[in-house]
>>> print(open('data-v1.txt').read())   # compact mmCIF, C-alpha atoms
# COMPACT_ATOMS: atom_id res chain seq x y z
CA MET U 23 50.32 19.20 -48.98
CA LYS U 24 47.46 21.58 -48.34
CA SER U 25 47.33 24.91 -50.15
CA HIS U 26 46.14 28.14 -48.59
CA ILE U 27 43.46 29.68 -50.80
CA SER U 28 42.00 33.19 -50.63
CA THR U 29 38.77 33.66 -52.52
CA THR U 30 35.48 35.54 -52.48
CA ILE U 31 32.20 33.71 -51.92
CA ASN U 32 28.92 35.63 -52.16
CA GLY U 33 30.84 38.87 -51.69
CA ASP U 34 32.66 37.77 -48.53
CA SER U 35 36.41 37.18 -48.38
CA VAL U 36 36.97 33.54 -47.51
CA GLU U 37 40.19 31.68 -46.80
CA PHE U 38 40.57 27.93 -46.63
CA LEU U 39 43.13 25.14 -46.73
CA CYS U 40 42.61 22.37 -49.24
CA GLU U 41 44.35 19.44 -50.87
CA PRO U 42 44.92 19.95 -54.61
CA SER U 43 42.80 16.86 -55.26
CA GLN U 44 39.71 18.35 -53.61
CA THR U 45 37.04 19.74 -55.89
CA LEU U 46 35.46 23.10 -55.21
CA LEU U 47 32.26 21.18 -54.42
CA GLN U 48 34.01 19.18 -51.70
CA VAL U 49 35.54 22.35 -50.24
CA LEU U 50 32.20 24.15 -50.21
CA ARG U 51 30.27 21.31 -48.61
CA ASN U 52 32.81 19.52 -46.40
CA ASP U 53 35.21 22.27 -45.35
CA LEU U 54 33.12 25.45 -45.45
CA GLY U 55 29.81 23.87 -44.42
CA MET U 56 28.04 25.47 -47.37
CA THR U 57 25.78 22.52 -48.09
CA GLY U 58 23.29 24.46 -50.22
CA THR U 59 25.31 23.38 -53.24
CA LYS U 60 24.33 19.74 -53.82
CA GLU U 61 26.30 16.78 -55.05
CA GLY U 62 24.39 14.76 -57.61
CA CYS U 63 26.65 12.92 -60.03
CA GLY U 64 30.08 14.37 -59.23
CA SER U 65 30.97 14.19 -62.92
CA GLY U 66 29.52 17.36 -64.46
CA ASP U 67 26.40 15.74 -65.86
CA CYS U 68 23.57 16.78 -63.53
CA GLY U 69 24.08 20.45 -62.60
CA ALA U 70 23.10 20.03 -58.93
CA CYS U 71 26.38 21.71 -57.91
CA SER U 72 25.99 24.72 -60.23
CA VAL U 73 27.77 27.84 -58.99
CA ILE U 74 28.80 31.05 -60.73
CA PHE U 75 32.59 31.18 -60.93
CA ASP U 76 34.12 34.45 -62.14
CA GLY U 77 30.87 35.23 -63.93
CA GLU U 78 30.50 31.82 -65.62
CA LEU U 79 27.98 29.16 -64.66
CA VAL U 80 29.99 26.02 -63.86
CA CYS U 81 29.69 22.69 -62.06
CA ALA U 82 31.62 22.97 -58.77
CA CYS U 83 32.52 19.28 -59.11
CA LEU U 84 34.54 20.11 -62.25
CA VAL U 85 36.62 22.85 -60.59
CA LEU U 86 39.50 22.16 -58.22
CA GLY U 87 39.37 23.96 -54.89
CA VAL U 88 42.83 25.39 -55.55
CA GLU U 89 41.51 27.06 -58.71
CA ALA U 90 39.38 29.30 -56.49
CA GLN U 91 42.46 31.37 -55.59
CA GLY U 92 41.54 34.99 -56.39
CA ALA U 93 38.17 34.02 -57.88
CA ALA U 94 34.70 35.40 -57.18
CA ILE U 95 32.16 32.65 -56.52
CA GLU U 96 28.39 32.88 -56.13
CA THR U 97 26.50 30.00 -54.55
CA VAL U 98 22.83 29.45 -53.78
CA GLU U 99 23.44 30.79 -50.26
CA GLY U 100 24.02 34.22 -51.80
CA VAL U 101 20.86 34.35 -53.89
CA ALA U 102 18.46 35.54 -51.17
CA ALA U 103 19.07 38.95 -49.55
CA HIS U 104 19.20 37.87 -45.88
CA ASP U 105 15.64 36.68 -45.11
CA GLN U 106 14.16 38.17 -48.29
CA LEU U 107 13.88 35.46 -50.96
CA HIS U 108 14.92 36.26 -54.49
CA VAL U 109 12.10 36.45 -57.06
CA ILE U 110 13.40 33.24 -58.62
CA GLN U 111 13.11 31.43 -55.29
CA GLU U 112 9.61 32.84 -54.68
CA LYS U 113 8.48 31.68 -58.10
CA PHE U 114 9.88 28.17 -57.57
CA LEU U 115 7.80 27.99 -54.37
CA GLU U 116 4.71 29.54 -55.96
CA HIS U 117 4.75 27.11 -58.90
CA ALA U 118 5.75 24.14 -56.70
CA ALA U 119 8.66 23.68 -59.07
CA LEU U 120 10.32 21.03 -56.95
CA GLN U 121 9.66 17.73 -55.31
CA CYS U 122 12.69 16.14 -53.65
CA GLY U 123 14.64 19.40 -53.86
CA ILE U 124 18.13 18.09 -54.68
CA CYS U 125 18.22 19.78 -58.09
CA THR U 126 16.64 23.00 -56.84
CA PRO U 127 19.70 24.96 -55.62
CA GLY U 128 21.47 24.25 -58.92
CA LEU U 129 18.41 25.28 -60.88
CA ILE U 130 18.04 28.51 -58.86
CA VAL U 131 21.68 29.43 -59.53
CA SER U 132 21.42 28.47 -63.21
CA THR U 133 18.21 30.45 -63.62
CA LYS U 134 19.92 33.46 -62.07
CA ALA U 135 22.77 33.11 -64.57
CA LEU U 136 20.28 32.72 -67.42
CA LEU U 137 18.29 35.84 -66.51
CA GLU U 138 21.41 37.93 -65.98
CA GLU U 139 22.55 37.02 -69.48
CA ASN U 140 19.13 37.05 -71.14
CA PRO U 141 16.29 38.78 -69.21
CA SER U 142 13.72 37.80 -71.85
CA PRO U 143 14.38 34.19 -72.79
CA THR U 144 11.93 32.27 -74.92
CA GLU U 145 10.79 29.00 -73.41
CA ALA U 146 13.07 27.15 -75.85
CA GLU U 147 16.04 29.32 -74.85
CA ALA U 148 15.34 28.69 -71.17
CA ARG U 149 15.06 24.94 -71.74
CA TYR U 150 18.34 24.83 -73.70
CA PHE U 151 20.20 26.97 -71.15
CA LEU U 152 18.96 24.80 -68.28
CA ALA U 153 19.50 21.49 -70.12
CA GLY U 154 22.50 20.77 -67.88
CA ASN U 155 20.31 20.77 -64.76
CA LEU U 156 18.67 17.39 -64.41
CA CYS U 157 15.49 16.90 -62.38
CA ARG U 158 14.17 13.38 -61.94
CA CYS U 159 10.94 14.38 -60.18
CA THR U 160 9.07 17.20 -61.80
CA GLY U 161 9.19 16.56 -65.53
CA TYR U 162 10.48 20.14 -65.84
CA ASP U 163 7.21 21.84 -66.75
CA LYS U 164 6.71 23.48 -63.37
CA ILE U 165 10.35 24.52 -63.33
CA ILE U 166 10.04 26.18 -66.71
CA LYS U 167 6.80 27.91 -65.65
CA ALA U 168 8.59 29.25 -62.57
CA VAL U 169 11.54 30.43 -64.65
CA MET U 170 9.37 32.19 -67.22
CA ASP U 171 7.26 33.80 -64.48
CA ALA U 172 10.39 34.93 -62.63
CA ALA U 173 11.75 36.43 -65.84
CA ALA U 174 8.52 38.35 -66.47
CA THR U 175 8.37 39.57 -62.85
CA MET U 176 12.01 40.65 -62.87
CA ARG U 177 11.49 42.56 -66.14
CA GLN U 178 8.60 44.48 -64.57
CA GLY U 179 10.66 45.23 -61.50
CA ALA U 180 13.65 46.46 -63.53
CA MET B 25 41.28 11.11 -56.62
CA VAL B 26 44.98 10.75 -57.37
CA ALA B 27 47.63 12.48 -55.24
CA LEU B 28 48.14 15.85 -56.86
CA THR B 29 50.71 18.58 -56.78
CA TYR B 30 49.26 21.79 -58.25
CA HIS B 31 50.99 24.73 -59.84
CA ALA B 32 49.46 27.68 -61.68
CA PRO B 33 52.45 29.40 -63.32
CA ASP B 34 51.89 32.99 -64.44
CA SER B 35 54.46 32.90 -67.22
CA LEU B 36 55.27 30.63 -70.12
CA GLU B 37 58.89 30.33 -69.00
CA GLU B 38 57.84 29.14 -65.56
CA ALA B 39 55.41 26.64 -67.11
CA VAL B 40 58.05 25.14 -69.40
CA GLN B 41 60.48 24.98 -66.48
CA LEU B 42 57.91 23.09 -64.40
CA LEU B 43 57.19 20.67 -67.23
CA SER B 44 60.83 19.95 -67.97
CA THR B 45 61.86 19.36 -64.36
CA ALA B 46 58.80 17.40 -63.18
CA ARG B 47 59.55 14.08 -61.51
CA GLN B 48 55.99 12.80 -61.62
CA PRO B 49 53.70 12.46 -64.67
CA VAL B 50 52.32 15.86 -65.68
CA LYS B 51 48.79 16.82 -66.58
CA LEU B 52 48.05 20.18 -68.15
CA LEU B 53 44.88 21.70 -66.69
CA SER B 54 42.76 23.96 -68.87
CA GLY B 55 39.00 23.88 -68.23
CA GLY B 56 39.27 20.53 -66.44
CA THR B 57 35.96 19.13 -67.72
CA ASP B 58 37.74 16.04 -69.05
CA LEU B 59 40.83 16.00 -66.83
CA ILE B 60 39.16 16.19 -63.42
CA ILE B 61 36.92 13.24 -64.28
CA GLN B 62 39.84 11.24 -65.71
CA MET B 63 41.84 11.80 -62.51
CA GLN B 64 39.01 10.57 -60.27
CA GLY B 65 39.74 7.00 -61.36
CA LEU B 66 43.45 7.08 -60.48
CA ILE B 67 43.67 6.47 -56.76
CA GLN B 68 47.27 5.34 -56.28
CA ASP B 69 49.10 7.53 -58.75
CA GLU B 70 50.77 10.89 -58.42
CA ARG B 71 50.33 13.71 -60.87
CA LEU B 72 51.74 17.19 -61.23
CA VAL B 73 48.90 19.38 -62.42
CA VAL B 74 50.03 22.49 -64.25
CA ASP B 75 47.13 24.92 -64.55
CA VAL B 76 47.87 26.94 -67.70
CA LYS B 77 45.01 29.44 -67.35
CA LYS B 78 47.04 32.13 -65.56
CA ILE B 79 49.65 32.36 -68.35
CA PRO B 80 49.08 35.64 -70.25
CA GLY B 81 47.09 35.21 -73.45
CA MET B 82 45.81 31.73 -72.68
CA ARG B 83 42.20 32.90 -72.32
CA ALA B 84 42.16 35.66 -74.94
CA ALA B 85 41.23 35.67 -78.62
CA ASP B 86 42.76 38.43 -80.72
CA TRP B 87 42.78 39.25 -84.41
CA MET B 88 46.32 39.52 -85.71
CA GLU B 89 47.29 40.77 -89.16
CA ASP B 90 46.43 37.55 -90.99
CA HIS B 91 44.95 35.21 -88.40
CA LEU B 92 42.89 34.78 -85.26
CA ARG B 93 45.13 34.03 -82.30
CA LEU B 94 43.01 31.89 -80.02
CA GLY B 95 44.13 31.31 -76.46
CA PRO B 96 43.69 27.55 -75.94
CA SER B 97 42.05 27.96 -72.51
CA MET B 98 39.36 30.48 -73.41
CA SER B 99 36.08 28.96 -72.25
CA CYS B 100 33.61 27.85 -74.89
CA ALA B 101 31.10 30.19 -73.22
CA GLN B 102 33.36 33.18 -73.88
CA PHE B 103 34.31 31.96 -77.34
CA THR B 104 30.75 31.39 -78.55
CA LYS B 105 29.69 34.86 -77.36
CA ARG B 106 32.26 36.50 -79.68
CA GLN B 107 30.16 37.72 -82.60
CA ASP B 108 33.26 38.94 -84.43
CA ILE B 109 34.54 35.37 -84.50
CA GLN B 110 31.17 33.88 -85.35
CA ALA B 111 30.90 36.23 -88.34
CA VAL B 112 34.11 34.78 -89.82
CA PHE B 113 34.16 31.17 -88.55
CA PRO B 114 30.49 30.24 -87.95
CA GLY B 115 31.26 26.53 -88.24
CA LEU B 116 33.99 26.63 -85.63
CA VAL B 117 31.71 28.55 -83.25
CA GLU B 118 28.82 26.12 -83.78
CA ALA B 119 31.16 23.21 -83.05
CA ALA B 120 32.25 24.84 -79.78
CA TYR B 121 28.61 25.55 -78.93
CA LEU B 122 27.75 21.84 -79.18
CA ILE B 123 30.10 20.81 -76.36
CA GLY B 124 28.26 19.89 -73.19
CA SER B 125 25.85 21.90 -71.06
CA THR B 126 25.95 25.60 -70.18
CA GLN B 127 27.94 24.62 -67.09
CA VAL B 128 30.47 22.59 -69.07
CA GLN B 129 30.79 25.43 -71.61
CA GLY B 130 31.68 27.74 -68.73
CA ARG B 131 34.94 25.81 -68.27
CA ALA B 132 35.61 23.68 -71.36
CA SER B 133 38.04 25.15 -73.87
CA ILE B 134 38.98 24.55 -77.48
CA GLY B 135 42.61 23.92 -76.54
CA GLY B 136 41.45 21.34 -74.02
CA ASN B 137 39.16 19.73 -76.56
CA LEU B 138 42.14 19.54 -78.93
CA CYS B 139 44.73 18.23 -76.44
CA ASN B 140 42.32 15.71 -74.92
CA ALA B 141 42.21 14.33 -78.48
CA SER B 142 38.95 12.43 -78.30
CA PRO B 143 38.14 10.98 -81.74
CA ALA B 144 34.69 12.56 -81.31
CA ALA B 145 35.90 16.06 -80.31
CA ASP B 146 33.55 18.51 -82.03
CA THR B 147 35.91 21.43 -82.56
CA ILE B 148 38.73 19.46 -84.21
CA PRO B 149 37.17 18.90 -87.67
CA ALA B 150 36.16 22.58 -87.70
CA LEU B 151 39.72 23.64 -86.81
CA ILE B 152 41.14 21.40 -89.54
CA VAL B 153 38.96 22.79 -92.35
CA ASN B 154 39.97 26.29 -91.27
CA ARG B 155 43.67 25.37 -91.61
CA ALA B 156 44.28 26.04 -87.92
CA ALA B 157 47.77 25.45 -86.53
CA CYS B 158 49.01 24.77 -83.01
CA LEU B 159 51.71 27.02 -81.63
CA ILE B 160 53.70 24.88 -79.22
CA GLN B 161 56.27 26.07 -76.69
CA GLY B 162 58.93 23.80 -75.23
CA LEU B 163 62.31 24.06 -73.59
CA ASN B 164 64.02 24.49 -76.96
CA GLY B 165 61.67 27.09 -78.40
CA THR B 166 58.45 27.14 -80.36
CA ARG B 167 57.12 25.10 -83.24
CA ARG B 168 53.96 25.18 -85.33
CA VAL B 169 52.03 22.05 -86.20
CA ASN B 170 48.86 21.91 -88.29
CA VAL B 171 45.91 20.57 -86.31
CA GLU B 172 45.53 17.54 -88.60
CA ASP B 173 49.16 16.60 -87.83
CA PHE B 174 48.92 17.44 -84.10
CA LEU B 175 46.75 14.40 -83.36
CA THR B 176 48.46 11.02 -83.30
CA GLY B 177 45.85 8.61 -81.95
CA VAL B 178 42.92 8.12 -79.61
CA GLY B 179 43.57 10.54 -76.74
CA GLN B 180 47.06 11.25 -78.06
CA GLN B 181 48.76 14.27 -79.58
CA CYS B 182 52.32 15.18 -80.39
CA LEU B 183 53.14 17.37 -77.34
CA ALA B 184 56.48 16.35 -75.82
CA SER B 185 56.80 16.20 -72.04
CA ASP B 186 58.33 19.70 -71.88
CA GLU B 187 55.78 21.26 -74.26
CA LEU B 188 52.44 23.00 -74.03
CA LEU B 189 49.98 24.46 -76.49
CA VAL B 190 50.20 28.26 -76.25
CA ALA B 191 47.94 29.36 -79.10
CA ILE B 192 45.73 28.10 -81.87
CA GLU B 193 46.26 30.18 -84.99
CA VAL B 194 43.36 30.26 -87.43
CA PRO B 195 44.26 32.02 -90.68
CA ASN B 196 41.84 34.62 -92.01
CA PRO B 197 39.76 32.84 -94.65
CA ALA B 198 40.08 33.74 -98.32
CA ALA B 199 37.39 36.00 -99.77
CA ARG B 200 33.99 34.30 -100.20
CA THR B 201 34.92 31.42 -97.88
CA ARG B 202 32.78 30.04 -95.05
CA ASP B 203 32.66 26.92 -92.91
CA ALA B 204 30.01 24.71 -91.32
CA TYR B 205 30.02 21.81 -88.85
CA LEU B 206 27.36 19.16 -88.30
CA ARG B 207 27.31 16.13 -86.09
CA PHE B 208 24.91 13.28 -85.49
CA ILE B 209 23.83 12.41 -81.94
CA PRO B 210 20.91 10.23 -80.89
CA ARG B 211 19.20 13.07 -79.01
CA THR B 212 18.93 16.82 -79.47
CA GLU B 213 21.40 18.11 -76.87
CA MET B 214 24.47 17.23 -74.86
CA ASP B 215 25.77 14.00 -76.32
CA ILE B 216 28.95 12.71 -77.92
CA ALA B 217 29.21 12.76 -81.71
CA VAL B 218 28.47 9.46 -83.43
CA ALA B 219 29.85 11.10 -86.57
CA GLY B 220 30.78 14.69 -87.41
CA ALA B 221 31.74 16.61 -90.55
CA ALA B 222 33.16 20.07 -91.11
CA VAL B 223 33.34 21.69 -94.52
CA SER B 224 34.85 24.96 -95.70
CA VAL B 225 34.14 26.18 -99.24
CA THR B 226 35.33 29.10 -101.34
CA LEU B 227 32.96 30.13 -104.13
CA ASP B 228 33.66 32.52 -106.98
CA ASP B 229 31.14 35.16 -108.10
CA THR B 230 29.36 32.66 -110.33
CA GLY B 231 28.96 30.13 -107.51
CA VAL B 232 31.71 27.77 -108.67
CA CYS B 233 33.61 26.19 -105.79
CA THR B 234 37.27 27.15 -106.23
CA ASN B 235 38.58 25.69 -102.98
CA ALA B 236 37.28 23.37 -100.28
CA ARG B 237 38.34 21.49 -97.18
CA VAL B 238 36.48 18.58 -95.61
CA ALA B 239 37.31 16.99 -92.26
CA ILE B 240 35.42 14.23 -90.47
CA GLY B 241 35.26 13.24 -86.81
CA ALA B 242 34.26 10.27 -84.64
CA VAL B 243 34.80 7.87 -87.55
CA ALA B 244 38.53 7.15 -87.11
CA PRO B 245 41.12 7.20 -84.28
CA THR B 246 41.56 10.93 -84.95
CA ALA B 247 39.63 13.53 -86.89
CA ILE B 248 40.88 13.38 -90.47
CA LEU B 249 41.20 15.68 -93.44
CA VAL B 250 39.53 14.21 -96.52
CA PRO B 251 41.12 15.74 -99.65
CA SER B 252 39.15 13.41 -101.95
CA ALA B 253 35.86 14.84 -100.63
CA ALA B 254 37.15 18.39 -101.17
CA ASP B 255 38.25 17.46 -104.71
CA ALA B 256 34.73 16.27 -105.46
CA LEU B 257 33.43 19.77 -104.65
CA ILE B 258 36.13 21.90 -106.32
CA GLY B 259 35.21 23.03 -109.83
CA THR B 260 31.51 22.36 -109.34
CA LYS B 261 28.56 24.52 -108.37
CA LEU B 262 27.84 21.99 -105.61
CA GLU B 263 25.14 20.32 -107.66
CA ASP B 264 23.60 17.13 -106.29
CA ASP B 265 26.05 14.81 -108.06
CA ALA B 266 29.04 16.76 -106.67
CA LEU B 267 27.57 16.61 -103.16
CA LEU B 268 26.93 12.88 -103.52
CA ALA B 269 30.50 12.35 -104.70
CA ALA B 270 31.84 14.27 -101.69
CA ALA B 271 29.57 12.23 -99.42
CA ALA B 272 30.87 9.01 -100.94
CA ALA B 273 34.47 10.19 -100.51
CA SER B 274 33.89 10.91 -96.81
CA SER B 275 32.22 7.52 -96.30
CA GLN B 276 35.15 5.90 -98.07
CA ALA B 277 37.74 7.75 -95.94
CA ALA B 278 35.98 6.87 -92.67
CA ASN B 279 37.47 4.06 -90.62
CA PRO B 280 34.97 3.81 -87.77
CA ILE B 281 34.34 1.33 -84.99
CA SER B 282 31.05 -0.15 -83.87
CA ASP B 283 30.02 0.71 -80.34
CA ARG B 284 26.81 1.29 -78.43
CA ARG B 285 26.31 4.65 -80.14
CA GLY B 286 26.59 3.44 -83.73
CA THR B 287 27.73 0.66 -86.02
CA VAL B 288 30.48 0.84 -88.64
CA GLU B 289 27.89 0.82 -91.43
CA PHE B 290 25.78 3.55 -89.82
CA ARG B 291 28.74 5.81 -89.13
CA ARG B 292 30.09 5.41 -92.67
CA HIS B 293 26.73 6.34 -94.12
CA VAL B 294 25.96 9.22 -91.77
CA VAL B 295 29.35 10.87 -92.12
CA GLY B 296 28.67 11.13 -95.86
CA VAL B 297 25.24 12.65 -95.29
CA LEU B 298 26.73 15.16 -92.84
CA THR B 299 29.45 16.08 -95.35
CA LYS B 300 26.85 16.80 -98.01
CA ARG B 301 24.66 18.87 -95.69
CA ALA B 302 27.58 20.81 -94.16
CA ALA B 303 28.84 21.67 -97.66
CA LYS B 304 25.42 23.08 -98.51
CA ILE B 305 25.28 25.15 -95.31
CA ALA B 306 28.79 26.52 -95.89
CA ALA B 307 27.88 27.43 -99.48
CA ASN B 308 24.68 29.16 -98.35
CA ARG B 309 26.77 31.15 -95.88
CA VAL B 310 29.02 32.34 -98.70
CA GLY B 311 25.91 33.20 -100.69
CA ALA B 312 24.66 35.34 -97.80
CA LEU B 313 27.85 37.43 -97.66
>>> encode(input="data-v1.txt", output="structure tokens")
Amino acid sequence: MKSHISTTINGDSVEFLCEPSQTLLQVLRNDLGMTGTKEGCGSGDCGACSVIFDGELVCACLVLGVEAQGAAIETVEGVAAHDQLHVIQEKFLEHAALQCGICTPGLIVSTKALLEENPSPTEAEARYFLAGNLCRCTGYDKIIKAVMDAAATMRQGA
Amino acid sequence: MVALTYHAPDSLEEAVQLLSTARQPVKLLSGGTDLIIQMQGLIQDERLVVDVKKIPGMRAADWMEDHLRLGPSMSCAQFTKRQDIQAVFPGLVEAAYLIGSTQVQGRASIGGNLCNASPAADTIPALIVNRAACLIQGLNGTRRVNVEDFLTGVGQQCLASDELLVAIEVPNPAARTRDAYLRFIPRTEMDIAVAGAAVSVTLDDTGVCTNARVAIGAVAPTAILVPSAADALIGTKLEDDALLAAAAASSQAANPISDRRGTVEFRRHVVGVLTKRAAKIAANRVGAL
């Protein structure tokens, strides 16, 4: 039987019906059409589906859709302010910190969570925090350069 | 995934009622980082999922008069940020910090780690050396079970079908007592323990160990308390021969399997080395008080 869920996604009130067996990732992508959040492994290993759920960075594939009742969720679609890219997104472009792009939305969301918690991470801290976001293309160096540059830019702006 | 019925009771009474009247097999949902993956394989079955996170106190950690009352569903991310807890139980916090990625830590909980009862669960040896007990609620009231007695086998614990874990109680340590946890994994991050060891030591003013607890993980069907390793430390100043004796006792107590992550011989050896090193770290922590 489907459950009726009321939640908040990127600041907007959202209601949806879902089966209790659906993950939040399936609800986002298949029912709400929010395909920015990617499915990589579906088992919590790759971080492609990273979203911020009640203030915690989580894998949407490890959350049931029904658990979203009353929650506040941030996805990659909420990172940019309308057509103005977030600094993190600009820096990923500037440093060419992506190739195929499947890991990128998860990395953008995770980087946002990192910099909200720790605006001045060391490179080692950034690498540890982002260790749950796998990228099979870049070798990570460009990603880390983008993250460190975004952190520095955001500190200047703050 | 399996056909699910989902309930998120907002009281303990309602939860126990649901558990005791369920017609289908029940799964308790805490962070879900193990459960959701386990359920993906079960296509034909039915499960009643009881999400315990909305029950008051399940996600809190509060200092009571003589113990820390830890809500079983508090996320590892929240738990490891608590500097007041880290100051008292650094080994337990470091064990929680080793579980999974940032994303997994955002959901995974110590109560879930305990009830999932993996032999390799990182927080269980650390709970055992800290004399933690499980507060369990069922239809006929509450009972307390020490963590080392809570576990009954690989993936199994002693919760009856009408019971749930409502708190983990960790007694305040004696004066000049600290813990440490170490594990071996083949890489630097995000892996499952091949062997793990937690040690808690109490030292007197002259550095003599007056009390100790040693527990080892991933080397038997459940994490186990090793009194013989603790006995090897008590009465010593943790000199090399005492540490070697404790290491030998842990190796002796281990009853590991060989699998792709490690052989019996390797696990036996490494769990001893980890015991020795964790004892030293715990002692240094007492020294720094």
>>> closest_atom_pairs(input="data-v1.txt", of="chain B", to="chain U", cutoff="12 Å", atoms="only C-alpha atoms", output="tab-separated table")
residue	atom	partner	partner_atom	distance
B:Met25	CA	U:Ser43	CA	6.1
B:Val26	CA	U:Ser43	CA	6.8
B:Ala27	CA	U:Ser43	CA	6.5
B:Leu28	CA	U:Ser43	CA	5.7
B:Thr29	CA	U:Pro42	CA	6.3
B:Tyr30	CA	U:Pro42	CA	6.0
B:His31	CA	U:Val88	CA	9.2
B:Ala32	CA	U:Glu89	CA	8.5
B:Leu53	CA	U:Leu86	CA	10.0
B:Ser54	CA	U:Val85	CA	10.4
B:Gly55	CA	U:Val85	CA	8.1
B:Gly56	CA	U:Leu84	CA	6.3
B:Thr57	CA	U:Leu84	CA	5.7
B:Asp58	CA	U:Leu84	CA	8.5
B:Leu59	CA	U:Leu84	CA	8.8
B:Ile60	CA	U:Leu84	CA	6.2
B:Ile61	CA	U:Ser65	CA	6.2
B:Gln62	CA	U:Ser65	CA	9.8
B:Met63	CA	U:Ser43	CA	8.9
B:Gln64	CA	U:Ser43	CA	8.9
B:Gly65	CA	U:Ser65	CA	11.4
B:Leu66	CA	U:Ser43	CA	11.1
B:Ile67	CA	U:Ser43	CA	10.5
B:Asp69	CA	U:Ser43	CA	11.8
B:Glu70	CA	U:Ser43	CA	10.4
B:Arg71	CA	U:Ser43	CA	9.9
B:Leu72	CA	U:Pro42	CA	9.9
B:Val73	CA	U:Pro42	CA	8.8
B:Val74	CA	U:Glu89	CA	11.1
B:Asp75	CA	U:Glu89	CA	8.4
B:Val76	CA	U:Glu89	CA	11.0
B:Lys77	CA	U:Glu89	CA	9.6
B:Lys78	CA	U:Glu89	CA	10.2
B:Met98	CA	U:Glu78	CA	11.9
B:Ser99	CA	U:Glu78	CA	9.1
B:Cys100	CA	U:Glu78	CA	10.6
B:Ala101	CA	U:Glu78	CA	7.8
B:Gln102	CA	U:Glu78	CA	8.8
B:Lys105	CA	U:Glu139	CA	10.9
B:Tyr121	CA	U:Phe151	CA	11.5
B:Leu122	CA	U:Tyr150	CA	11.3
B:Ile123	CA	U:Gly154	CA	11.4
B:Gly124	CA	U:Gly154	CA	7.9
B:Ser125	CA	U:Gly154	CA	4.8
B:Thr126	CA	U:Phe151	CA	6.0
B:Gln127	CA	U:Val80	CA	4.1
B:Val128	CA	U:Val80	CA	6.3
B:Gln129	CA	U:Val80	CA	7.8
B:Gly130	CA	U:Glu78	CA	5.3
B:Arg131	CA	U:Val80	CA	6.6
B:Ala132	CA	U:Val80	CA	9.7
B:Thr212	CA	U:Tyr150	CA	9.9
B:Glu213	CA	U:Ala153	CA	7.8
B:Met214	CA	U:Gly154	CA	8.1
B:Asp215	CA	U:Asp67	CA	10.6
>>> write_last_selection(input="data-v1.txt", atoms="C-alpha atoms", output="compact mmCIF listing (two decimals), keeping the file's coordinate frame")
# COMPACT_ATOMS: atom_id res chain seq x y z
CA MET B 25 41.28 11.11 -56.62
CA VAL B 26 44.98 10.75 -57.37
CA ALA B 27 47.63 12.48 -55.24
CA LEU B 28 48.14 15.85 -56.86
CA THR B 29 50.71 18.58 -56.78
CA TYR B 30 49.26 21.79 -58.25
CA HIS B 31 50.99 24.73 -59.84
CA ALA B 32 49.46 27.68 -61.68
CA LEU B 53 44.88 21.70 -66.69
CA SER B 54 42.76 23.96 -68.87
CA GLY B 55 39.00 23.88 -68.23
CA GLY B 56 39.27 20.53 -66.44
CA THR B 57 35.96 19.13 -67.72
CA ASP B 58 37.74 16.04 -69.05
CA LEU B 59 40.83 16.00 -66.83
CA ILE B 60 39.16 16.19 -63.42
CA ILE B 61 36.92 13.24 -64.28
CA GLN B 62 39.84 11.24 -65.71
CA MET B 63 41.84 11.80 -62.51
CA GLN B 64 39.01 10.57 -60.27
CA GLY B 65 39.74 7.00 -61.36
CA LEU B 66 43.45 7.08 -60.48
CA ILE B 67 43.67 6.47 -56.76
CA ASP B 69 49.10 7.53 -58.75
CA GLU B 70 50.77 10.89 -58.42
CA ARG B 71 50.33 13.71 -60.87
CA LEU B 72 51.74 17.19 -61.23
CA VAL B 73 48.90 19.38 -62.42
CA VAL B 74 50.03 22.49 -64.25
CA ASP B 75 47.13 24.92 -64.55
CA VAL B 76 47.87 26.94 -67.70
CA LYS B 77 45.01 29.44 -67.35
CA LYS B 78 47.04 32.13 -65.56
CA MET B 98 39.36 30.48 -73.41
CA SER B 99 36.08 28.96 -72.25
CA CYS B 100 33.61 27.85 -74.89
CA ALA B 101 31.10 30.19 -73.22
CA GLN B 102 33.36 33.18 -73.88
CA LYS B 105 29.69 34.86 -77.36
CA TYR B 121 28.61 25.55 -78.93
CA LEU B 122 27.75 21.84 -79.18
CA ILE B 123 30.10 20.81 -76.36
CA GLY B 124 28.26 19.89 -73.19
CA SER B 125 25.85 21.90 -71.06
CA THR B 126 25.95 25.60 -70.18
CA GLN B 127 27.94 24.62 -67.09
CA VAL B 128 30.47 22.59 -69.07
CA GLN B 129 30.79 25.43 -71.61
CA GLY B 130 31.68 27.74 -68.73
CA ARG B 131 34.94 25.81 -68.27
CA ALA B 132 35.61 23.68 -71.36
CA THR B 212 18.93 16.82 -79.47
CA GLU B 213 21.40 18.11 -76.87
CA MET B 214 24.47 17.23 -74.86
CA ASP B 215 25.77 14.00 -76.32
>>> closest_residue(input="data-v1.txt", among="B:Ser224, B:Gln41, B:Ser142, B:Asn308", to="Val250 (chain B)", atoms="all atoms listed in the file")
B:Ser224
>>> atom_distance(input="data-v1.txt", atom1="CA of Ala119 (chain B)", atom2="CA of Thr133 (chain U)")
24.4 Å
>>> residues_around(input="data-v1.txt", residues="Asp173 (chain B)", least_positions_apart="2", cutoff="12 Å", atoms="only C-alpha atoms", output="ChimeraX atom specification")
/B:138,141,148,151-152,155-158,168-171,175-177,180-183,246-249
>>> closest_residue(input="data-v1.txt", among="B:Gly241, B:Gly231, B:Pro195, B:Gly162", to="Ala145 (chain B)", atoms="all atoms listed in the file")
B:Gly241
>>> decode(input="data-v1.txt", residues="region 143-147 of chain U", atoms="C-alpha atoms", output="compact mmCIF listing (two decimals), in the first residue's frame")
# COMPACT_ATOMS: atom_id res chain seq x y z
CA PRO U 143 39.67 21.89 5.53
CA THR U 144 43.20 20.67 4.98
CA GLU U 145 43.65 18.62 1.84
CA ALA U 146 43.79 15.47 3.98
CA GLU U 147 40.55 16.42 5.75
